[in-house]
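S.K.: I'd like to ask you about the structure that follows.
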Amino acid sequence: MGLTSNKVLCLAVAFAVLLFVGTVWLWPRLARRHWRAVGGRVGLLLGTQLALFASLGLAANQSFGFYASWADLFGQEKDQGVVVNHTALGGSGGPLEVIDTSNVRGAGGAPPQSGGQIQKVDIVGRRTHIATPAYVYLPPEYFQPRYRTRTFPATVVLTGYPGTAQALVDKLRYPSTAEALAKNGRMQPMILVMLRPTVAPPRDTECVDIPGGPQTETFFAKDLPDAVIAHYRVGRKPAGWGIIGDSTGGYCALKLAMHHPGAYAAAAGLSPYYKAPLDPTTGDLFQGDRNLRNRADLWWCLKHLPAPDTSLLVTSSRIGEHNYKDTLKFISRVQSTRLTRISSIILDSGGHNFNTWRREIPATLQWISGRLSDR
């Protein structure tokens with residue numbers, strides 16, 4: 001049974017309840033003062049607490065999509081890392097291969113011409129040899145005869161760290177939100193490429209080209225757009241490409257648009273931060289390279305590099321978000337560049353969580369749609 005299975009969660013809850021009932025039932029028998037009774041009481045209390053915390057952790061993981069599998073949780077994921085075998089691209093699938101498809105409105109629901117389609121894909125970078133799974137949302141218009149020669153704008157959507165791409169579909173509901181907005185004429189039909197920035201799990205690469213390690217920035221700036229362009233009817237010019245992310249994904253989105261305006265015309269960071277952290281999950285990202293460290297610091301980029309010709313959106317909350325003051329400062333710094341355009345969504349209150357981002361996603365999709373062209 002998988003980590004995100006409802007059966008696992010139900011079993012954990014049932015086990016916690018049984019331990020609680022057993023503790024209440026056996027407590028009178030363990031009320032004596034000899035070492036066996038004391039040890040029994042300690043064991044029951046410890047077991048009940050561990051079962052309770054496990055149940056809460058499993059429920060939180062289902063809600064927020066931190067880890068996709070047991071191997072992902074324990075850092076044993078092996079099949080989604082950096083591909084060093086250059087012949088990986090020699091198969092018929094090419095740099096992007098479709099693994100599975102489903103309709104936006106579920107099995108047995110509307111056909112793709114009416115509701116759109118979600119494709120589960122594997123992507124392999126030609127330059128970086130990074131391999132990662134993703135989900136691609138194709139709008140209904142993509143399948144309609146009158147649009148058969150039309151190209152569509154595309155937006156890359158990134159999770160936070162560790163995150164799962166599935167959460168972008170099921171929890172943050174990007175495809176269904178985009179379908180509803182386009183149906184109501186509030187945004188143009190757009191392809192969404194949804195994945196997590198963790199391309200070499202369990203390491204958090206912060207979308208950095210790590211010396212001697214994963215070339216994550218190059219993958220997102222060059223390999224990913226090339227793979228999507230080769231497989232779908234999307235525009236080749238930067239005016240047709242945007243990128244959105246939350247938390248770590250938000251930092252990555254802003255950085256990629258600032259560093260590569262020739263790849264992304266617009267970027268939105270939901271609850272982003274503005275400088276790559278260094279902690280046990282990242283390891284040594286820069287290997288002593290000061291220039292690389294500076295490039296990963298958006299404050300430094302705004303001060304020392306030419307202003308990029310791109311549009312940025314940042315979000316925060318006055319109460320509940322730790323990045324509120326930094327976000328106001330970032331907005332001010334970008335405004336002073338005069339070339340880079342900046343917009344914002346500031347909520348009165350909201351935490352660093354899915355509920356807050358779901359409130360921001362409709363306006364974010366409308367914003368980025370208005371800045372992209374289908375040509």
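Here's how to read the names in the structure tokens: chain A, B, ... by the order shown, residue numbers from 1 in each chain, ligand numbers from 1 in the order shown.
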Could you pull the residues within 12 Å of Pro28 (chain A), counting only C-alpha atoms, minus those fewer than 5 positions along the same chain, as a list in words?
M.R.: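 Non-adjacent residues within range: Gly22, Thr23, Arg33, Ala37, Val38, Gly40 and Arg41 of chain A.
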S.K.: I'd like the contact shell of Gly116 (chain A) - 7 Å cut-off, only C-alpha atoms, skipping same-chain residues fewer than 2 positions apart - returned as a list in words.
M.R.: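 Once the adjacent positions are removed, what remains is Asn103, Val104, Pro112, Gln113, Ser114, Leu138, Pro139 and Pro140 of chain A.
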S.K.: One number please: CA of Ile244 (chain A) to CA of Ala268 (chain A), in Å, one decimal.
M.R.: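 Calculated distance between CA of Ile244 (chain A) and CA of Ala268 (chain A) is 4.7 Å.
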S.K.: Could you pull out all residues of region 30-259 of chain A with a DSSP call of helix (DSSP H, G or I) and give them as a VMD selection string?
M.R.: chain A and resid 30 35 to 64 70 to 73 86 to 90 112 to 115 140 to 143 145 to 147 165 to 170 174 to 183 216 to 231 238 to 240 248 to 259
S.K.: Which neighbours of Glu206 (chain A) fall inside 10 Å, counting only C-alpha atoms, when residues of the same chain fewer than 6 positions from it are skipped, and could you give them as a list in words?
M.R.: Gly160, Tyr161, Pro197, Thr198, Val199, Thr216, Glu217, Thr248, Gly249, Tyr251, Cys252, Lys255, Lys275, Ala276, Pro277, Leu278, Thr281, Thr282, Leu285 and Ala296 of chain A
S.K.: Can you write out the residues you just picked, keeping all heavy atoms, as a short mmCIF file (atom, residue, chain, number, x, y, z; two decimals), in the first residue's frame?
M.R.:
data_model
loop_
_atom_site.label_atom_id
_atom_site.label_comp_id
_atom_site.auth_asym_id
_atom_site.auth_seq_id
_atom_site.Cartn_x
_atom_site.Cartn_y
_atom_site.Cartn_z
N GLY A 160 6.33 23.39 -4.30
CA GLY A 160 7.38 23.70 -3.35
C GLY A 160 8.24 22.46 -3.12
O GLY A 160 8.13 21.46 -3.82
N TYR A 161 9.11 22.54 -2.11
CA TYR A 161 9.94 21.40 -1.74
C TYR A 161 9.42 20.77 -0.45
O TYR A 161 9.11 21.50 0.49
CB TYR A 161 11.40 21.83 -1.54
CG TYR A 161 12.28 20.70 -1.02
CD1 TYR A 161 12.84 19.79 -1.91
CD2 TYR A 161 12.49 20.53 0.35
CE1 TYR A 161 13.61 18.74 -1.44
CE2 TYR A 161 13.26 19.48 0.82
CZ TYR A 161 13.82 18.58 -0.07
OH TYR A 161 14.58 17.53 0.38
N PRO A 197 10.15 21.05 -8.55
CA PRO A 197 11.52 21.46 -8.83
C PRO A 197 12.56 20.47 -8.34
O PRO A 197 13.74 20.61 -8.64
CB PRO A 197 11.64 22.81 -8.10
CG PRO A 197 10.67 22.71 -6.98
CD PRO A 197 9.53 21.88 -7.50
N THR A 198 12.12 19.48 -7.57
CA THR A 198 13.02 18.47 -7.02
C THR A 198 13.29 17.42 -8.08
O THR A 198 12.65 16.38 -8.13
CB THR A 198 12.39 17.81 -5.77
OG1 THR A 198 11.85 18.82 -4.93
CG2 THR A 198 13.41 16.99 -5.01
N VAL A 199 14.26 17.68 -8.95
CA VAL A 199 14.53 16.79 -10.07
C VAL A 199 15.57 15.72 -9.71
O VAL A 199 15.81 14.81 -10.51
CB VAL A 199 15.00 17.58 -11.30
CG1 VAL A 199 13.89 18.50 -11.80
CG2 VAL A 199 16.26 18.39 -10.98
N THR A 216 20.12 22.05 -12.84
CA THR A 216 18.67 22.22 -12.74
C THR A 216 18.19 23.48 -13.45
O THR A 216 17.14 23.47 -14.11
CB THR A 216 18.24 22.26 -11.26
OG1 THR A 216 18.90 21.20 -10.56
CG2 THR A 216 16.74 22.09 -11.13
N GLU A 217 18.91 24.57 -13.33
CA GLU A 217 18.49 25.80 -13.98
C GLU A 217 18.47 25.64 -15.50
O GLU A 217 17.52 26.06 -16.18
CB GLU A 217 19.40 26.97 -13.60
CG GLU A 217 18.97 28.29 -14.21
CD GLU A 217 19.72 29.49 -13.65
OE1 GLU A 217 20.37 29.35 -12.60
OE2 GLU A 217 19.64 30.57 -14.28
N THR A 248 9.27 27.20 -2.65
CA THR A 248 10.51 26.98 -3.41
C THR A 248 10.26 27.13 -4.89
O THR A 248 11.07 27.73 -5.62
CB THR A 248 11.06 25.57 -3.11
OG1 THR A 248 11.37 25.47 -1.72
CG2 THR A 248 12.31 25.28 -3.93
N GLY A 249 9.13 26.61 -5.37
CA GLY A 249 8.78 26.77 -6.78
C GLY A 249 8.59 28.22 -7.16
O GLY A 249 8.88 28.62 -8.29
N TYR A 251 10.23 30.82 -5.77
CA TYR A 251 11.59 31.36 -5.92
C TYR A 251 12.17 30.96 -7.27
O TYR A 251 12.75 31.78 -7.99
CB TYR A 251 12.46 30.86 -4.78
CG TYR A 251 13.95 30.94 -5.06
CD1 TYR A 251 14.62 32.16 -5.05
CD2 TYR A 251 14.67 29.78 -5.38
CE1 TYR A 251 15.98 32.23 -5.33
CE2 TYR A 251 16.01 29.85 -5.66
CZ TYR A 251 16.67 31.06 -5.63
OH TYR A 251 18.01 31.13 -5.92
N CYS A 252 12.02 29.68 -7.62
CA CYS A 252 12.53 29.19 -8.90
C CYS A 252 11.90 29.93 -10.07
O CYS A 252 12.59 30.30 -11.03
CB CYS A 252 12.28 27.69 -9.03
SG CYS A 252 13.31 26.65 -7.98
N LYS A 255 13.32 33.46 -10.34
CA LYS A 255 14.73 33.43 -10.77
C LYS A 255 14.86 33.07 -12.24
O LYS A 255 15.65 33.68 -12.98
CB LYS A 255 15.51 32.44 -9.91
CG LYS A 255 16.99 32.35 -10.29
CD LYS A 255 17.77 31.50 -9.33
CE LYS A 255 17.39 30.04 -9.45
NZ LYS A 255 18.28 29.18 -8.61
N LYS A 275 16.14 34.30 -2.01
CA LYS A 275 17.54 33.92 -1.95
C LYS A 275 17.60 32.44 -1.63
O LYS A 275 16.90 31.95 -0.74
CB LYS A 275 18.27 34.73 -0.87
CG LYS A 275 19.74 34.39 -0.71
CD LYS A 275 20.37 35.26 0.38
CE LYS A 275 21.84 34.92 0.56
NZ LYS A 275 22.45 35.75 1.64
N ALA A 276 18.44 31.70 -2.35
CA ALA A 276 18.54 30.25 -2.14
C ALA A 276 19.12 29.96 -0.76
O ALA A 276 20.18 30.47 -0.40
CB ALA A 276 19.41 29.63 -3.22
N PRO A 277 18.44 29.13 0.03
CA PRO A 277 18.98 28.76 1.34
C PRO A 277 20.06 27.69 1.21
O PRO A 277 20.16 27.01 0.19
CB PRO A 277 17.75 28.19 2.06
CG PRO A 277 16.93 27.59 0.97
CD PRO A 277 17.14 28.49 -0.23
N LEU A 278 20.85 27.55 2.25
CA LEU A 278 21.81 26.46 2.36
C LEU A 278 21.51 25.72 3.65
O LEU A 278 21.61 26.28 4.74
CB LEU A 278 23.25 26.99 2.37
CG LEU A 278 23.77 27.59 1.06
CD1 LEU A 278 25.18 28.14 1.23
CD2 LEU A 278 23.75 26.55 -0.05
N THR A 281 19.05 19.94 3.41
CA THR A 281 18.34 19.42 2.23
C THR A 281 18.99 19.86 0.93
O THR A 281 18.83 19.19 -0.10
CB THR A 281 16.87 19.90 2.23
OG1 THR A 281 16.82 21.32 2.03
CG2 THR A 281 16.17 19.54 3.54
N THR A 282 19.73 20.97 0.94
CA THR A 282 20.36 21.47 -0.28
C THR A 282 21.79 20.98 -0.45
O THR A 282 22.25 20.79 -1.58
CB THR A 282 20.37 23.00 -0.32
OG1 THR A 282 21.22 23.50 0.73
CG2 THR A 282 18.96 23.57 -0.14
N LEU A 285 25.42 23.95 -2.55
CA LEU A 285 24.94 24.22 -3.91
C LEU A 285 25.99 24.87 -4.80
O LEU A 285 25.95 24.71 -6.02
CB LEU A 285 23.72 25.14 -3.85
CG LEU A 285 22.44 24.58 -3.23
CD1 LEU A 285 21.39 25.69 -3.13
CD2 LEU A 285 21.91 23.41 -4.04
N ALA A 296 22.16 33.25 -7.49
CA ALA A 296 21.02 32.62 -6.81
C ALA A 296 20.36 33.55 -5.80
O ALA A 296 19.36 33.19 -5.19
CB ALA A 296 21.48 31.34 -6.11
#
S.K.: Using only C-alpha atoms, which residues sit within 12 Å of Glu179 (chain A) once same-chain residues fewer than 4 positions away are excluded, as a compact mmCIF listing (two decimals) with N, CA and C atoms, in the first residue's frame?
M.R.:
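Final output, part_38.txt:
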# COMPACT_ATOMS: atom_id res chain seq x y z
N ASN A 103 -9.20 12.46 -18.36
CA ASN A 103 -9.97 13.67 -18.63
C ASN A 103 -10.00 14.54 -17.39
N VAL A 104 -10.09 15.85 -17.59
CA VAL A 104 -10.09 16.78 -16.47
C VAL A 104 -11.26 16.51 -15.54
N ARG A 105 -12.40 16.15 -16.10
CA ARG A 105 -13.59 15.92 -15.26
C ARG A 105 -13.75 14.47 -14.84
N PRO A 112 -12.20 14.99 -23.95
CA PRO A 112 -11.19 16.06 -23.94
C PRO A 112 -11.60 17.28 -24.75
N GLN A 113 -12.44 17.09 -25.80
CA GLN A 113 -12.89 18.24 -26.58
C GLN A 113 -13.77 19.18 -25.76
N SER A 114 -14.31 18.68 -24.65
CA SER A 114 -15.19 19.49 -23.82
C SER A 114 -14.53 19.94 -22.52
N GLY A 115 -13.78 19.04 -21.88
CA GLY A 115 -13.20 19.37 -20.58
C GLY A 115 -11.71 19.46 -20.52
N GLY A 116 -11.03 19.05 -21.59
CA GLY A 116 -9.58 19.06 -21.58
C GLY A 116 -9.03 17.72 -21.09
N GLN A 117 -7.72 17.58 -21.17
CA GLN A 117 -7.08 16.31 -20.82
C GLN A 117 -5.81 16.55 -20.01
N ILE A 118 -5.52 15.61 -19.10
CA ILE A 118 -4.28 15.63 -18.32
C ILE A 118 -3.45 14.43 -18.76
N TYR A 137 -1.46 19.57 -18.76
CA TYR A 137 -2.88 19.85 -18.99
C TYR A 137 -3.05 20.45 -20.37
N LEU A 138 -3.90 19.81 -21.18
CA LEU A 138 -4.24 20.32 -22.52
C LEU A 138 -5.68 20.81 -22.48
N PRO A 139 -5.92 22.07 -22.84
CA PRO A 139 -7.28 22.62 -22.76
C PRO A 139 -8.19 21.99 -23.80
N PRO A 140 -9.49 22.12 -23.64
CA PRO A 140 -10.44 21.52 -24.61
C PRO A 140 -10.18 21.95 -26.04
N GLU A 141 -9.80 23.22 -26.22
CA GLU A 141 -9.59 23.75 -27.56
C GLU A 141 -8.48 23.00 -28.30
N TYR A 142 -7.54 22.44 -27.57
CA TYR A 142 -6.43 21.71 -28.18
C TYR A 142 -6.93 20.55 -29.04
N ARG A 173 -5.50 22.09 -7.80
CA ARG A 173 -6.55 22.09 -8.83
C ARG A 173 -6.27 23.08 -9.97
N TYR A 174 -5.04 23.11 -10.43
CA TYR A 174 -4.70 23.98 -11.55
C TYR A 174 -5.49 23.66 -12.82
N PRO A 175 -5.57 22.38 -13.25
CA PRO A 175 -6.29 22.11 -14.51
C PRO A 175 -7.77 22.50 -14.46
N LYS A 183 -13.37 28.78 -19.85
CA LYS A 183 -14.76 28.58 -20.27
C LYS A 183 -15.58 29.85 -20.05
N ASN A 184 -15.26 30.59 -18.98
CA ASN A 184 -15.98 31.82 -18.67
C ASN A 184 -15.37 33.04 -19.33
N GLY A 185 -14.37 32.84 -20.18
CA GLY A 185 -13.76 33.95 -20.91
C GLY A 185 -12.85 34.81 -20.07
N ARG A 186 -12.38 34.30 -18.93
CA ARG A 186 -11.54 35.11 -18.04
C ARG A 186 -10.06 34.88 -18.28
N MET A 187 -9.69 33.88 -19.08
CA MET A 187 -8.31 33.68 -19.49
C MET A 187 -8.33 32.93 -20.82
N GLN A 188 -7.24 33.00 -21.54
CA GLN A 188 -7.16 32.29 -22.81
C GLN A 188 -6.81 30.82 -22.56
N PRO A 189 -7.20 29.92 -23.47
CA PRO A 189 -6.81 28.51 -23.33
C PRO A 189 -5.29 28.40 -23.29
N MET A 190 -4.78 27.61 -22.34
CA MET A 190 -3.35 27.57 -22.11
C MET A 190 -2.94 26.16 -21.68
N ILE A 191 -1.77 25.73 -22.13
CA ILE A 191 -1.21 24.45 -21.73
C ILE A 191 -0.45 24.65 -20.42
N LEU A 192 -0.64 23.74 -19.47
CA LEU A 192 0.07 23.78 -18.20
C LEU A 192 0.99 22.57 -18.10
N PRO A 362 -6.58 31.48 -9.09
CA PRO A 362 -7.40 32.03 -10.18
C PRO A 362 -6.89 33.37 -10.70
N LEU A 365 -3.55 32.87 -12.61
CA LEU A 365 -3.72 32.34 -13.97
C LEU A 365 -4.24 33.42 -14.92
N GLN A 366 -5.17 34.23 -14.45
CA GLN A 366 -5.67 35.32 -15.28
C GLN A 366 -4.55 36.31 -15.61
S.K.: For Ala265 (chain A), work out the shell of residues within 10 Å, counting only C-alpha atoms and skipping chain neighbours fewer than 3 positions away, then give it as JSON, numbers by chain.
M.R.: {"A": [237, 238, 239, 240, 241, 242, 243, 257, 258, 260, 261, 262, 308, 309, 310, 311, 312, 368, 371, 372, 373]}
S.K.: Could you dump the residues just selected with N, CA, C and O atoms as an mmCIF file, in the first residue's frame?
M.R.:
data_model
loop_
_atom_site.group_PDB
_atom_site.id
_atom_site.type_symbol
_atom_site.label_atom_id
_atom_site.label_comp_id
_atom_site.auth_asym_id
_atom_site.auth_seq_id
_atom_site.Cartn_x
_atom_site.Cartn_y
_atom_site.Cartn_z
ATOM 1 N N LYS A 237 8.307 31.207 -29.184
ATOM 2 C CA LYS A 237 8.866 32.471 -28.712
ATOM 3 C C LYS A 237 8.636 32.631 -27.207
ATOM 4 O O LYS A 237 7.670 32.091 -26.658
ATOM 5 N N PRO A 238 9.505 33.393 -26.520
ATOM 6 C CA PRO A 238 9.331 33.589 -25.068
ATOM 7 C C PRO A 238 8.005 34.243 -24.722
ATOM 8 O O PRO A 238 7.502 34.049 -23.612
ATOM 9 N N ALA A 239 7.421 34.990 -25.657
ATOM 10 C CA ALA A 239 6.138 35.635 -25.379
ATOM 11 C C ALA A 239 5.033 34.622 -25.126
ATOM 12 O O ALA A 239 3.988 34.965 -24.574
ATOM 13 N N GLY A 240 5.252 33.365 -25.502
ATOM 14 C CA GLY A 240 4.250 32.330 -25.294
ATOM 15 C C GLY A 240 4.502 31.458 -24.084
ATOM 16 O O GLY A 240 3.795 30.472 -23.875
ATOM 17 N N TRP A 241 5.489 31.830 -23.246
ATOM 18 C CA TRP A 241 5.863 30.986 -22.116
ATOM 19 C C TRP A 241 5.847 31.758 -20.800
ATOM 20 O O TRP A 241 6.392 32.856 -20.703
ATOM 21 N N GLY A 242 5.211 31.143 -19.798
ATOM 22 C CA GLY A 242 5.217 31.690 -18.441
ATOM 23 C C GLY A 242 5.581 30.594 -17.460
ATOM 24 O O GLY A 242 5.659 29.415 -17.808
ATOM 25 N N ILE A 243 5.778 30.981 -16.200
ATOM 26 C CA ILE A 243 6.128 30.014 -15.162
ATOM 27 C C ILE A 243 5.560 30.485 -13.826
ATOM 28 O O ILE A 243 5.620 31.679 -13.502
ATOM 29 N N ALA A 257 12.714 33.494 -14.697
ATOM 30 C CA ALA A 257 12.281 34.591 -15.561
ATOM 31 C C ALA A 257 13.285 35.739 -15.552
ATOM 32 O O ALA A 257 13.511 36.384 -16.587
ATOM 33 N N MET A 258 13.887 35.998 -14.388
ATOM 34 C CA MET A 258 14.871 37.077 -14.299
ATOM 35 C C MET A 258 16.170 36.720 -15.011
ATOM 36 O O MET A 258 16.791 37.559 -15.647
ATOM 37 N N HIS A 260 16.416 34.330 -17.405
ATOM 38 C CA HIS A 260 16.185 33.856 -18.771
ATOM 39 C C HIS A 260 14.925 34.497 -19.362
ATOM 40 O O HIS A 260 13.968 33.803 -19.695
ATOM 41 N N PRO A 261 14.936 35.824 -19.537
ATOM 42 C CA PRO A 261 13.772 36.471 -20.155
ATOM 43 C C PRO A 261 13.567 36.017 -21.592
ATOM 44 O O PRO A 261 12.479 36.191 -22.148
ATOM 45 N N GLY A 262 14.587 35.406 -22.193
ATOM 46 C CA GLY A 262 14.435 34.848 -23.525
ATOM 47 C C GLY A 262 13.735 33.502 -23.522
ATOM 48 O O GLY A 262 13.483 32.935 -24.590
ATOM 49 N N PRO A 308 15.951 42.636 -16.352
ATOM 50 C CA PRO A 308 15.420 41.813 -17.438
ATOM 51 C C PRO A 308 14.075 42.339 -17.925
ATOM 52 O O PRO A 308 13.285 42.887 -17.158
ATOM 53 N N ASP A 309 13.816 42.155 -19.214
ATOM 54 C CA ASP A 309 12.541 42.562 -19.812
ATOM 55 C C ASP A 309 11.540 41.433 -19.628
ATOM 56 O O ASP A 309 11.320 40.606 -20.512
ATOM 57 N N THR A 310 10.934 41.377 -18.447
ATOM 58 C CA THR A 310 9.980 40.327 -18.115
ATOM 59 C C THR A 310 8.956 40.881 -17.139
ATOM 60 O O THR A 310 9.130 41.981 -16.592
ATOM 61 N N SER A 311 7.891 40.138 -16.921
ATOM 62 C CA SER A 311 6.842 40.553 -15.983
ATOM 63 C C SER A 311 6.819 39.586 -14.808
ATOM 64 O O SER A 311 6.864 38.361 -15.007
ATOM 65 N N LEU A 312 6.734 40.114 -13.594
ATOM 66 C CA LEU A 312 6.752 39.309 -12.384
ATOM 67 C C LEU A 312 5.514 39.577 -11.540
ATOM 68 O O LEU A 312 5.013 40.707 -11.489
ATOM 69 N N ILE A 368 -1.229 35.819 -15.672
ATOM 70 C CA ILE A 368 -0.184 35.307 -16.578
ATOM 71 C C ILE A 368 -0.760 35.094 -17.977
ATOM 72 O O ILE A 368 -0.070 35.279 -18.979
ATOM 73 N N ARG A 371 -0.504 38.089 -20.172
ATOM 74 C CA ARG A 371 0.842 38.501 -20.559
ATOM 75 C C ARG A 371 1.503 37.568 -21.551
ATOM 76 O O ARG A 371 2.667 37.743 -21.890
ATOM 77 N N LEU A 372 0.758 36.556 -21.988
ATOM 78 C CA LEU A 372 1.310 35.581 -22.925
ATOM 79 C C LEU A 372 0.562 35.654 -24.258
ATOM 80 O O LEU A 372 -0.616 35.963 -24.311
ATOM 81 N N SER A 373 1.279 35.315 -25.296
ATOM 82 C CA SER A 373 0.716 35.292 -26.639
ATOM 83 C C SER A 373 0.723 33.853 -27.153
ATOM 84 O O SER A 373 1.577 33.055 -26.782
#
S.K.: As a list in words, please: the residues near region 225-228 of chain A (cut-off 8 Å, only C-alpha atoms, same-chain neighbours under 2 positions excluded).
M.R.: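 My list of contacting residues is Pro95, Leu96, Ile123, Val124, Gly125, Phe220, Ala221, Lys222, Asp223, Ala230, His231, Tyr232, Val234 and Ala263 of chain A.
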S.K.: Since we have the selection now, will you write its residues out, keeping all heavy atoms, as an mmCIF file, in the first residue's frame?
M.R.:
data_model
loop_
_atom_site.group_PDB
_atom_site.id
_atom_site.type_symbol
_atom_site.label_atom_id
_atom_site.label_comp_id
_atom_site.auth_asym_id
_atom_site.auth_seq_id
_atom_site.Cartn_x
_atom_site.Cartn_y
_atom_site.Cartn_z
ATOM 1 N N PRO A 95 12.435 13.085 -25.992
ATOM 2 C CA PRO A 95 12.633 13.790 -24.725
ATOM 3 C C PRO A 95 11.376 13.870 -23.865
ATOM 4 O O PRO A 95 11.470 14.168 -22.676
ATOM 5 C CB PRO A 95 13.084 15.184 -25.164
ATOM 6 C CG PRO A 95 12.506 15.348 -26.526
ATOM 7 C CD PRO A 95 12.541 13.986 -27.150
ATOM 8 N N LEU A 96 10.214 13.628 -24.458
ATOM 9 C CA LEU A 96 8.960 13.627 -23.702
ATOM 10 C C LEU A 96 8.124 12.432 -24.144
ATOM 11 O O LEU A 96 7.860 12.262 -25.336
ATOM 12 C CB LEU A 96 8.199 14.937 -23.911
ATOM 13 C CG LEU A 96 6.952 15.162 -23.050
ATOM 14 C CD1 LEU A 96 6.726 16.659 -22.810
ATOM 15 C CD2 LEU A 96 5.706 14.555 -23.690
ATOM 16 N N ILE A 123 9.911 13.256 -18.818
ATOM 17 C CA ILE A 123 10.700 14.209 -19.589
ATOM 18 C C ILE A 123 12.179 13.956 -19.307
ATOM 19 O O ILE A 123 12.581 13.795 -18.155
ATOM 20 C CB ILE A 123 10.336 15.662 -19.226
ATOM 21 C CG1 ILE A 123 8.860 15.931 -19.563
ATOM 22 C CG2 ILE A 123 11.239 16.651 -19.967
ATOM 23 C CD1 ILE A 123 8.361 17.279 -19.076
ATOM 24 N N VAL A 124 12.971 13.930 -20.367
ATOM 25 C CA VAL A 124 14.421 13.770 -20.242
ATOM 26 C C VAL A 124 15.097 14.936 -20.952
ATOM 27 O O VAL A 124 14.823 15.207 -22.131
ATOM 28 C CB VAL A 124 14.909 12.437 -20.841
ATOM 29 C CG1 VAL A 124 16.429 12.309 -20.695
ATOM 30 C CG2 VAL A 124 14.222 11.261 -20.171
ATOM 31 N N GLY A 125 15.970 15.644 -20.243
ATOM 32 C CA GLY A 125 16.647 16.796 -20.824
ATOM 33 C C GLY A 125 17.781 16.391 -21.747
ATOM 34 O O GLY A 125 18.646 15.605 -21.371
ATOM 35 N N PHE A 220 15.314 23.648 -16.603
ATOM 36 C CA PHE A 220 14.059 24.393 -16.651
ATOM 37 C C PHE A 220 14.091 25.521 -17.675
ATOM 38 O O PHE A 220 13.050 25.875 -18.243
ATOM 39 C CB PHE A 220 13.718 24.947 -15.265
ATOM 40 C CG PHE A 220 13.172 23.918 -14.326
ATOM 41 C CD1 PHE A 220 13.911 23.491 -13.236
ATOM 42 C CD2 PHE A 220 11.931 23.351 -14.533
ATOM 43 C CE1 PHE A 220 13.418 22.531 -12.367
ATOM 44 C CE2 PHE A 220 11.423 22.390 -13.680
ATOM 45 C CZ PHE A 220 12.172 21.977 -12.595
ATOM 46 N N ALA A 221 15.256 26.082 -17.932
ATOM 47 C CA ALA A 221 15.339 27.202 -18.870
ATOM 48 C C ALA A 221 15.405 26.746 -20.320
ATOM 49 O O ALA A 221 14.924 27.462 -21.215
ATOM 50 C CB ALA A 221 16.564 28.055 -18.553
ATOM 51 N N LYS A 222 15.972 25.558 -20.584
ATOM 52 C CA LYS A 222 16.188 25.135 -21.966
ATOM 53 C C LYS A 222 15.596 23.767 -22.281
ATOM 54 O O LYS A 222 14.820 23.608 -23.225
ATOM 55 C CB LYS A 222 17.692 25.154 -22.267
ATOM 56 C CG LYS A 222 18.306 26.546 -22.159
ATOM 57 C CD LYS A 222 19.801 26.538 -22.469
ATOM 58 C CE LYS A 222 20.387 27.953 -22.363
ATOM 59 N NZ LYS A 222 21.848 27.961 -22.655
ATOM 60 N N ASP A 223 15.963 22.750 -21.494
ATOM 61 C CA ASP A 223 15.525 21.387 -21.823
ATOM 62 C C ASP A 223 14.018 21.217 -21.752
ATOM 63 O O ASP A 223 13.413 20.598 -22.631
ATOM 64 C CB ASP A 223 16.195 20.380 -20.878
ATOM 65 C CG ASP A 223 17.635 20.110 -21.262
ATOM 66 O OD1 ASP A 223 18.035 20.505 -22.367
ATOM 67 O OD2 ASP A 223 18.364 19.501 -20.447
ATOM 68 N N ALA A 230 8.697 20.215 -28.781
ATOM 69 C CA ALA A 230 8.856 19.112 -29.720
ATOM 70 C C ALA A 230 7.646 18.187 -29.741
ATOM 71 O O ALA A 230 7.439 17.461 -30.718
ATOM 72 C CB ALA A 230 10.114 18.303 -29.374
ATOM 73 N N HIS A 231 6.833 18.222 -28.689
ATOM 74 C CA HIS A 231 5.740 17.246 -28.575
ATOM 75 C C HIS A 231 4.357 17.873 -28.726
ATOM 76 O O HIS A 231 3.420 17.189 -29.141
ATOM 77 C CB HIS A 231 5.828 16.546 -27.222
ATOM 78 C CG HIS A 231 5.041 15.269 -27.154
ATOM 79 N ND1 HIS A 231 5.560 14.058 -27.528
ATOM 80 C CD2 HIS A 231 3.766 15.026 -26.777
ATOM 81 C CE1 HIS A 231 4.647 13.117 -27.374
ATOM 82 N NE2 HIS A 231 3.543 13.677 -26.922
ATOM 83 N N TYR A 232 4.204 19.154 -28.374
ATOM 84 C CA TYR A 232 2.884 19.786 -28.377
ATOM 85 C C TYR A 232 2.878 21.029 -29.267
ATOM 86 O O TYR A 232 3.933 21.570 -29.623
ATOM 87 C CB TYR A 232 2.484 20.181 -26.949
ATOM 88 C CG TYR A 232 2.373 19.026 -25.996
ATOM 89 C CD1 TYR A 232 3.372 18.785 -25.047
ATOM 90 C CD2 TYR A 232 1.277 18.164 -26.023
ATOM 91 C CE1 TYR A 232 3.278 17.725 -24.159
ATOM 92 C CE2 TYR A 232 1.172 17.098 -25.135
ATOM 93 C CZ TYR A 232 2.177 16.882 -24.211
ATOM 94 O OH TYR A 232 2.086 15.829 -23.328
ATOM 95 N N VAL A 234 2.794 24.303 -29.130
ATOM 96 C CA VAL A 234 3.011 25.475 -28.279
ATOM 97 C C VAL A 234 3.908 26.466 -29.008
ATOM 98 O O VAL A 234 4.679 26.084 -29.899
ATOM 99 C CB VAL A 234 3.656 25.089 -26.920
ATOM 100 C CG1 VAL A 234 2.738 24.177 -26.133
ATOM 101 C CG2 VAL A 234 5.006 24.422 -27.125
ATOM 102 N N ALA A 263 13.430 32.989 -22.325
ATOM 103 C CA ALA A 263 12.695 31.728 -22.213
ATOM 104 C C ALA A 263 11.302 31.938 -21.643
ATOM 105 O O ALA A 263 10.348 31.282 -22.066
ATOM 106 C CB ALA A 263 13.467 30.738 -21.336
#
S.K.: To one decimal in Å, tell me the separation between CA of Ile346 (chain A) and CA of Ser317 (chain A).
M.R.: 5.2 Å
